[in-house]
file coords_2.pdb (PDB, C-alpha atoms and all ligand atoms)
ATOM      1  CA  MET A   1      64.629  26.915 -14.463  1.00  0.00           C
ATOM      2  CA  GLU A   2      63.683  24.240 -16.950  1.00  0.00           C
ATOM      3  CA  LYS A   3      64.555  24.836 -20.574  1.00  0.00           C
ATOM      4  CA  VAL A   4      62.642  23.123 -23.344  1.00  0.00           C
ATOM      5  CA  THR A   5      62.225  23.317 -27.103  1.00  0.00           C
ATOM      6  CA  ILE A   6      59.537  25.527 -28.649  1.00  0.00           C
ATOM      7  CA  ARG A   7      57.566  22.407 -29.530  1.00  0.00           C
ATOM      8  CA  GLU A   8      57.710  21.090 -25.992  1.00  0.00           C
ATOM      9  CA  ALA A   9      56.840  24.518 -24.573  1.00  0.00           C
ATOM     10  CA  SER A  10      53.792  24.538 -26.828  1.00  0.00           C
ATOM     11  CA  GLN A  11      52.661  21.183 -25.424  1.00  0.00           C
ATOM     12  CA  ARG A  12      53.414  22.028 -21.798  1.00  0.00           C
ATOM     13  CA  LEU A  13      51.774  25.468 -21.916  1.00  0.00           C
ATOM     14  CA  ARG A  14      48.922  24.236 -24.139  1.00  0.00           C
ATOM     15  CA  ILE A  15      49.277  27.034 -26.638  1.00  0.00           C
ATOM     16  CA  SER A  16      50.183  26.836 -30.311  1.00  0.00           C
ATOM     17  CA  THR A  17      53.827  26.983 -31.396  1.00  0.00           C
ATOM     18  CA  ALA A  18      52.939  30.227 -33.179  1.00  0.00           C
ATOM     19  CA  SER A  19      51.765  31.630 -29.829  1.00  0.00           C
ATOM     20  CA  VAL A  20      54.992  30.483 -28.163  1.00  0.00           C
ATOM     21  CA  ARG A  21      56.954  32.432 -30.780  1.00  0.00           C
ATOM     22  CA  GLU A  22      54.641  35.408 -30.358  1.00  0.00           C
ATOM     23  CA  CYS A  23      55.288  35.350 -26.590  1.00  0.00           C
ATOM     24  CA  ILE A  24      59.050  35.160 -27.179  1.00  0.00           C
ATOM     25  CA  ARG A  25      58.903  38.127 -29.546  1.00  0.00           C
ATOM     26  CA  GLY A  26      56.729  40.035 -27.095  1.00  0.00           C
ATOM     27  CA  GLY A  27      59.111  39.305 -24.202  1.00  0.00           C
ATOM     28  CA  GLU A  28      56.580  37.232 -22.270  1.00  0.00           C
ATOM     29  CA  LEU A  29      58.764  34.130 -22.492  1.00  0.00           C
ATOM     30  CA  LYS A  30      62.526  33.971 -22.320  1.00  0.00           C
ATOM     31  CA  ALA A  31      64.286  32.077 -25.066  1.00  0.00           C
ATOM     32  CA  TYR A  32      67.908  31.513 -26.030  1.00  0.00           C
ATOM     33  CA  ARG A  33      69.782  29.990 -28.905  1.00  0.00           C
ATOM     34  CA  GLU A  34      71.748  27.058 -27.587  1.00  0.00           C
ATOM     35  CA  THR A  35      73.883  24.390 -29.125  1.00  0.00           C
ATOM     36  CA  GLY A  36      72.416  20.976 -28.485  1.00  0.00           C
ATOM     37  CA  PRO A  37      74.244  17.668 -27.909  1.00  0.00           C
ATOM     38  CA  ASP A  38      74.214  17.084 -31.678  1.00  0.00           C
ATOM     39  CA  GLY A  39      76.122  20.329 -32.203  1.00  0.00           C
ATOM     40  CA  ARG A  40      73.213  22.100 -33.845  1.00  0.00           C
ATOM     41  CA  ALA A  41      71.964  25.431 -32.574  1.00  0.00           C
ATOM     42  CA  GLY A  42      68.304  25.714 -31.727  1.00  0.00           C
ATOM     43  CA  TRP A  43      65.940  27.758 -29.614  1.00  0.00           C
ATOM     44  CA  VAL A  44      65.266  26.809 -26.031  1.00  0.00           C
ATOM     45  CA  VAL A  45      62.487  28.352 -23.993  1.00  0.00           C
ATOM     46  CA  GLU A  46      62.547  28.891 -20.237  1.00  0.00           C
ATOM     47  CA  LEU A  47      59.405  27.292 -18.861  1.00  0.00           C
ATOM     48  CA  PRO A  48      57.521  29.833 -16.747  1.00  0.00           C
ATOM     49  CA  GLU A  49      56.073  29.079 -13.324  1.00  0.00           C
ATOM     50  CA  GLU A  50      52.970  26.968 -12.863  1.00  0.00           C
ATOM     51  CA  GLY A  51      49.819  28.923 -13.577  1.00  0.00           C
ATOM     52  CA  TRP A  52      51.451  31.231 -16.080  1.00  0.00           C
ATOM     53  CA  VAL A  53      48.988  32.881 -18.436  1.00  0.00           C
ATOM     54  CA  SER A  54      50.092  34.747 -21.488  1.00  0.00           C
ATOM     55  CA  ALA A  55      48.531  38.089 -22.275  1.00  0.00           C
ATOM     56  CA  ALA A  56      48.666  37.057 -25.910  1.00  0.00           C
ATOM     57  CA  THR A  57      46.725  33.852 -25.367  1.00  0.00           C
ATOM     58  CA  ALA A  58      44.428  34.963 -22.522  1.00  0.00           C
ATOM     59  CA  GLN A  59      42.625  36.957 -25.176  1.00  0.00           C
ATOM     60  CA  GLU A  60      42.129  33.790 -27.209  1.00  0.00           C
ATOM     61  CA  LEU A  61      41.177  31.612 -24.243  1.00  0.00           C
ATOM     62  CA  GLY A  62      38.706  34.071 -22.772  1.00  0.00           C
ATOM     63  CA  ARG A  63      36.949  34.616 -26.035  1.00  0.00           C
ATOM     64  CA  ASP A  64      33.541  33.207 -26.919  1.00  0.00           C
ATOM     65  CA  PHE A  65      33.717  30.488 -29.504  1.00  0.00           C
ATOM     66  CA  SER A  66      33.478  31.763 -33.035  1.00  0.00           C
ATOM     67  CA  PRO A  67      34.398  30.056 -36.302  1.00  0.00           C
ATOM     68  CA  TRP A  68      35.770  33.344 -37.633  1.00  0.00           C
ATOM     69  CA  TRP A  69      39.538  33.772 -37.412  1.00  0.00           C
ATOM     70  CA  TRP A  70      42.365  35.745 -38.952  1.00  0.00           C
ATOM     71  CA  GLY A  71      44.745  33.697 -41.093  1.00  0.00           C
ATOM     72  CA  THR A  72      47.755  35.941 -40.498  1.00  0.00           C
ATOM     73  CA  LEU A  73      49.582  37.171 -37.410  1.00  0.00           C
ATOM     74  CA  GLU A  74      49.374  40.773 -38.641  1.00  0.00           C
ATOM     75  CA  ARG A  75      45.585  40.440 -38.819  1.00  0.00           C
ATOM     76  CA  THR A  76      45.581  41.743 -42.338  1.00  0.00           C
ATOM     77  CA  GLY A  77      43.456  40.669 -45.283  1.00  0.00           C
ATOM     78  CA  ARG A  78      40.124  39.097 -44.374  1.00  0.00           C
ATOM     79  CA  ILE A  79      38.651  37.286 -41.399  1.00  0.00           C
ATOM     80  CA  HIS A  80      37.794  33.784 -42.609  1.00  0.00           C
ATOM     81  CA  TYR A  81      35.453  31.003 -41.539  1.00  0.00           C
ATOM     82  CA  VAL A  82      37.499  27.996 -40.417  1.00  0.00           C
ATOM     83  CA  GLU A  83      36.210  24.806 -41.996  1.00  0.00           C
ATOM     84  CA  SER A  84      38.780  22.455 -40.514  1.00  0.00           C
ATOM     85  CA  LEU A  85      42.084  22.442 -38.681  1.00  0.00           C
ATOM     86  CA  SER A  86      44.935  20.062 -39.249  1.00  0.00           C
ATOM     87  CA  ALA A  87      48.489  19.818 -37.997  1.00  0.00           C
ATOM     88  CA  SER A  88      51.412  20.182 -40.358  1.00  0.00           C
ATOM     89  CA  SER A  89      54.606  18.163 -40.083  1.00  0.00           C
ATOM     90  CA  TRP A  90      55.932  21.008 -37.888  1.00  0.00           C
ATOM     91  CA  GLU A  91      52.885  20.659 -35.633  1.00  0.00           C
ATOM     92  CA  GLU A  92      51.659  24.087 -36.543  1.00  0.00           C
ATOM     93  CA  THR A  93      47.905  24.498 -36.769  1.00  0.00           C
ATOM     94  CA  VAL A  94      46.939  24.711 -40.414  1.00  0.00           C
ATOM     95  CA  PRO A  95      43.463  26.073 -41.012  1.00  0.00           C
ATOM     96  CA  GLN A  96      41.428  25.414 -44.131  1.00  0.00           C
ATOM     97  CA  PHE A  97      38.891  28.160 -44.646  1.00  0.00           C
ATOM     98  CA  LEU A  98      35.474  27.772 -46.258  1.00  0.00           C
ATOM     99  CA  CYS A  99      36.556  29.854 -49.261  1.00  0.00           C
ATOM    100  CA  GLY A 100      39.344  27.363 -50.003  1.00  0.00           C
ATOM    101  CA  GLU A 101      42.226  29.474 -48.702  1.00  0.00           C
ATOM    102  CA  ILE A 102      44.798  27.943 -46.374  1.00  0.00           C
ATOM    103  CA  GLY A 103      46.043  30.059 -43.470  1.00  0.00           C
ATOM    104  CA  ASP A 104      49.450  30.139 -41.749  1.00  0.00           C
ATOM    105  CA  ASN A 105      47.755  29.467 -38.432  1.00  0.00           C
ATOM    106  CA  ILE A 106      44.787  31.043 -36.694  1.00  0.00           C
ATOM    107  CA  TRP A 107      44.610  34.201 -34.649  1.00  0.00           C
ATOM    108  CA  ALA A 108      41.594  35.291 -32.671  1.00  0.00           C
ATOM    109  CA  ALA A 109      39.353  37.870 -34.248  1.00  0.00           C
ATOM    110  CA  THR A 110      38.039  39.749 -31.229  1.00  0.00           C
ATOM    111  CA  GLU A 111      35.889  41.988 -33.342  1.00  0.00           C
ATOM    112  CA  LEU A 112      34.073  41.100 -36.520  1.00  0.00           C
ATOM    113  CA  PRO A 113      33.640  44.254 -38.564  1.00  0.00           C
ATOM    114  CA  GLU A 114      31.525  43.370 -41.579  1.00  0.00           C
ATOM    115  CA  GLU A 115      33.945  44.950 -44.049  1.00  0.00           C
ATOM    116  CA  SER A 116      36.733  42.637 -42.833  1.00  0.00           C
ATOM    117  CA  LEU A 117      34.821  39.377 -43.254  1.00  0.00           C
ATOM    118  CA  CYS A 118      35.733  37.246 -46.250  1.00  0.00           C
ATOM    119  CA  LEU A 119      32.845  37.451 -48.718  1.00  0.00           C
ATOM    120  CA  GLU A 120      33.417  33.975 -50.195  1.00  0.00           C
ATOM    121  CA  CYS A 121      33.412  32.451 -46.695  1.00  0.00           C
ATOM    122  CA  GLN A 122      30.159  34.264 -45.900  1.00  0.00           C
ATOM    123  CA  MET A 123      28.539  32.991 -49.087  1.00  0.00           C
ATOM    124  CA  VAL A 124      29.557  29.361 -48.496  1.00  0.00           C
ATOM    125  CA  ALA A 125      28.405  29.591 -44.864  1.00  0.00           C
ATOM    126  CA  LEU A 126      25.040  30.883 -46.087  1.00  0.00           C
ATOM    127  CA  GLU A 127      24.728  28.123 -48.724  1.00  0.00           C
ATOM    128  CA  ARG A 128      25.443  25.416 -46.172  1.00  0.00           C
ATOM    129  CA  GLY A 129      23.259  26.977 -43.501  1.00  0.00           C
ATOM    130  CA  LEU A 130      26.197  27.434 -41.116  1.00  0.00           C
ATOM    131  CA  PRO A 131      25.965  29.980 -38.330  1.00  0.00           C
ATOM    132  CA  HIS A 132      27.371  33.136 -39.837  1.00  0.00           C
ATOM    133  CA  ALA A 133      28.837  36.191 -38.212  1.00  0.00           C
ATOM    134  CA  THR A 134      26.491  38.571 -36.533  1.00  0.00           C
ATOM    135  CA  PRO A 135      28.318  41.862 -36.326  1.00  0.00           C
ATOM    136  CA  GLU A 136      26.792  44.037 -33.625  1.00  0.00           C
TER     137      GLU A 136
HETATM  138 ZN    ZN A 201      37.601  33.172 -46.699  1.00  0.00          ZN
END
call {"tool": "encode", "arguments": {"input": "coords_2.pdb", "output": "structure tokens"}}
result
Amino acid sequence: MEKVTIREASQRLRISTASVRECIRGGELKAYRETGPDGRAGWVVELPEEGWVSAATAQELGRDFSPWWWGTLERTGRIHYVESLSASSWEETVPQFLCGEIGDNIWAATELPEESLCLECQMVALERGLPHATPE
């Protein structure tokens, strides 16, 4: 079984480092703290078999494209409109929302209840003529 760093696991599995951590917490991936050659302890992840699909990310992959995302893992606060994505020095995905807020990362919003949508994001989207949410 091949063991790699969280960052490498993220690249090999093509999911965000936040998703790798989410899978470790949820028991979908096995991870250990190991002491590296430099004597420092760090997390290593057991790479799963070819074709592995995470329940946590299948939801994100199978979802229709939408610019509306949660900015927190707990899916609390408001669902925001992602204006742009950049990578931090830790290679995390850093979203900039239309309203000016910066998220920790992005998490799929599978439902878009109107009361959860960020009002500022909706207003900017309207001003710029961007496709806005269409709650059923
Ligand atoms: Zn917003």
call {"tool": "residues_around", "arguments": {"input": "coords_2.pdb", "residues": "Ala125 (chain A)", "least_positions_apart": "6", "cutoff": "12 Å", "atoms": "all atoms listed in the file", "output": "ChimeraX atom specification"}}
result
/A:67-68,80-83,97-99,117-119,131-133
call {"tool": "write_last_selection", "arguments": {"input": "coords_2.pdb", "atoms": "C-alpha atoms", "output": "short mmCIF file (atom, residue, chain, number, x, y, z; two decimals), in the coordinates of the input"}}
result
data_model
loop_
_atom_site.label_atom_id
_atom_site.label_comp_id
_atom_site.auth_asym_id
_atom_site.auth_seq_id
_atom_site.Cartn_x
_atom_site.Cartn_y
_atom_site.Cartn_z
CA PRO A 67 34.40 30.06 -36.30
CA TRP A 68 35.77 33.34 -37.63
CA HIS A 80 37.79 33.78 -42.61
CA TYR A 81 35.45 31.00 -41.54
CA VAL A 82 37.50 28.00 -40.42
CA GLU A 83 36.21 24.81 -42.00
CA PHE A 97 38.89 28.16 -44.65
CA LEU A 98 35.47 27.77 -46.26
CA CYS A 99 36.56 29.85 -49.26
CA LEU A 117 34.82 39.38 -43.25
CA CYS A 118 35.73 37.25 -46.25
CA LEU A 119 32.84 37.45 -48.72
CA PRO A 131 25.96 29.98 -38.33
CA HIS A 132 27.37 33.14 -39.84
CA ALA A 133 28.84 36.19 -38.21
#
call {"tool": "atom_distance", "arguments": {"input": "coords_2.pdb", "atom1": "CA of Glu115 (chain A)", "atom2": "CA of Thr76 (chain A)"}}
result
12.2 Å
call {"tool": "closest_residue", "arguments": {"input": "coords_2.pdb", "among": "A:Trp70, A:Val45, A:Pro113, A:Ala108", "to": "ligand ZN 201 (chain A)", "atoms": "all atoms listed in the file"}}
result
A:Trp70
call {"tool": "resolve_selection", "arguments": {"input": "coords_2.pdb", "expression": "the PyMOL selection byres (((chain A and resi 111) around 10) and not hetatm)", "output": "NGL selection string"}}
result
:A and (68-69 or 79 or 108-110 or 112-114 or 116 or 135-136)
call {"tool": "closest_residue", "arguments": {"input": "coords_2.pdb", "among": "A:Gly51, A:Gly129, A:Gly77, A:Pro37", "to": "ligand ZN 201 (chain A)", "atoms": "only C-alpha atoms and all ligand atoms"}}
result
A:Gly77
call {"tool": "atom_distance", "arguments": {"input": "coords_2.pdb", "atom1": "CA of Glu120 (chain A)", "atom2": "CA of Gly103 (chain A)"}}
result
14.8 Å
call {"tool": "resolve_selection", "arguments": {"input": "coords_2.pdb", "expression": "the PyMOL selection byres (((chain A and resi 1) around 7) and not hetatm)", "output": "MDAnalysis selection string"}}
result
chainID A and resid 2:3 46:47
call {"tool": "residues_around", "arguments": {"input": "coords_2.pdb", "residues": "region 31-36 of chain A", "least_positions_apart": "6", "cutoff": "10 Å", "atoms": "all atoms listed in the file", "output": "PyMOL selection string"}}
result
chain A and resi 3-6+20-21+23-25+42-47
call {"tool": "atom_distance", "arguments": {"input": "coords_2.pdb", "atom1": "CA of Thr72 (chain A)", "atom2": "CA of Ala9 (chain A)"}}
result
21.6 Å
call {"tool": "resolve_selection", "arguments": {"input": "coords_2.pdb", "expression": "the PyMOL selection byres (((chain A and resi 19) around 10) and not hetatm)", "output": "VMD selection string"}}
result
chain A and resid 6 10 14 to 18 20 to 25 54 56 to 57 73 105 to 107
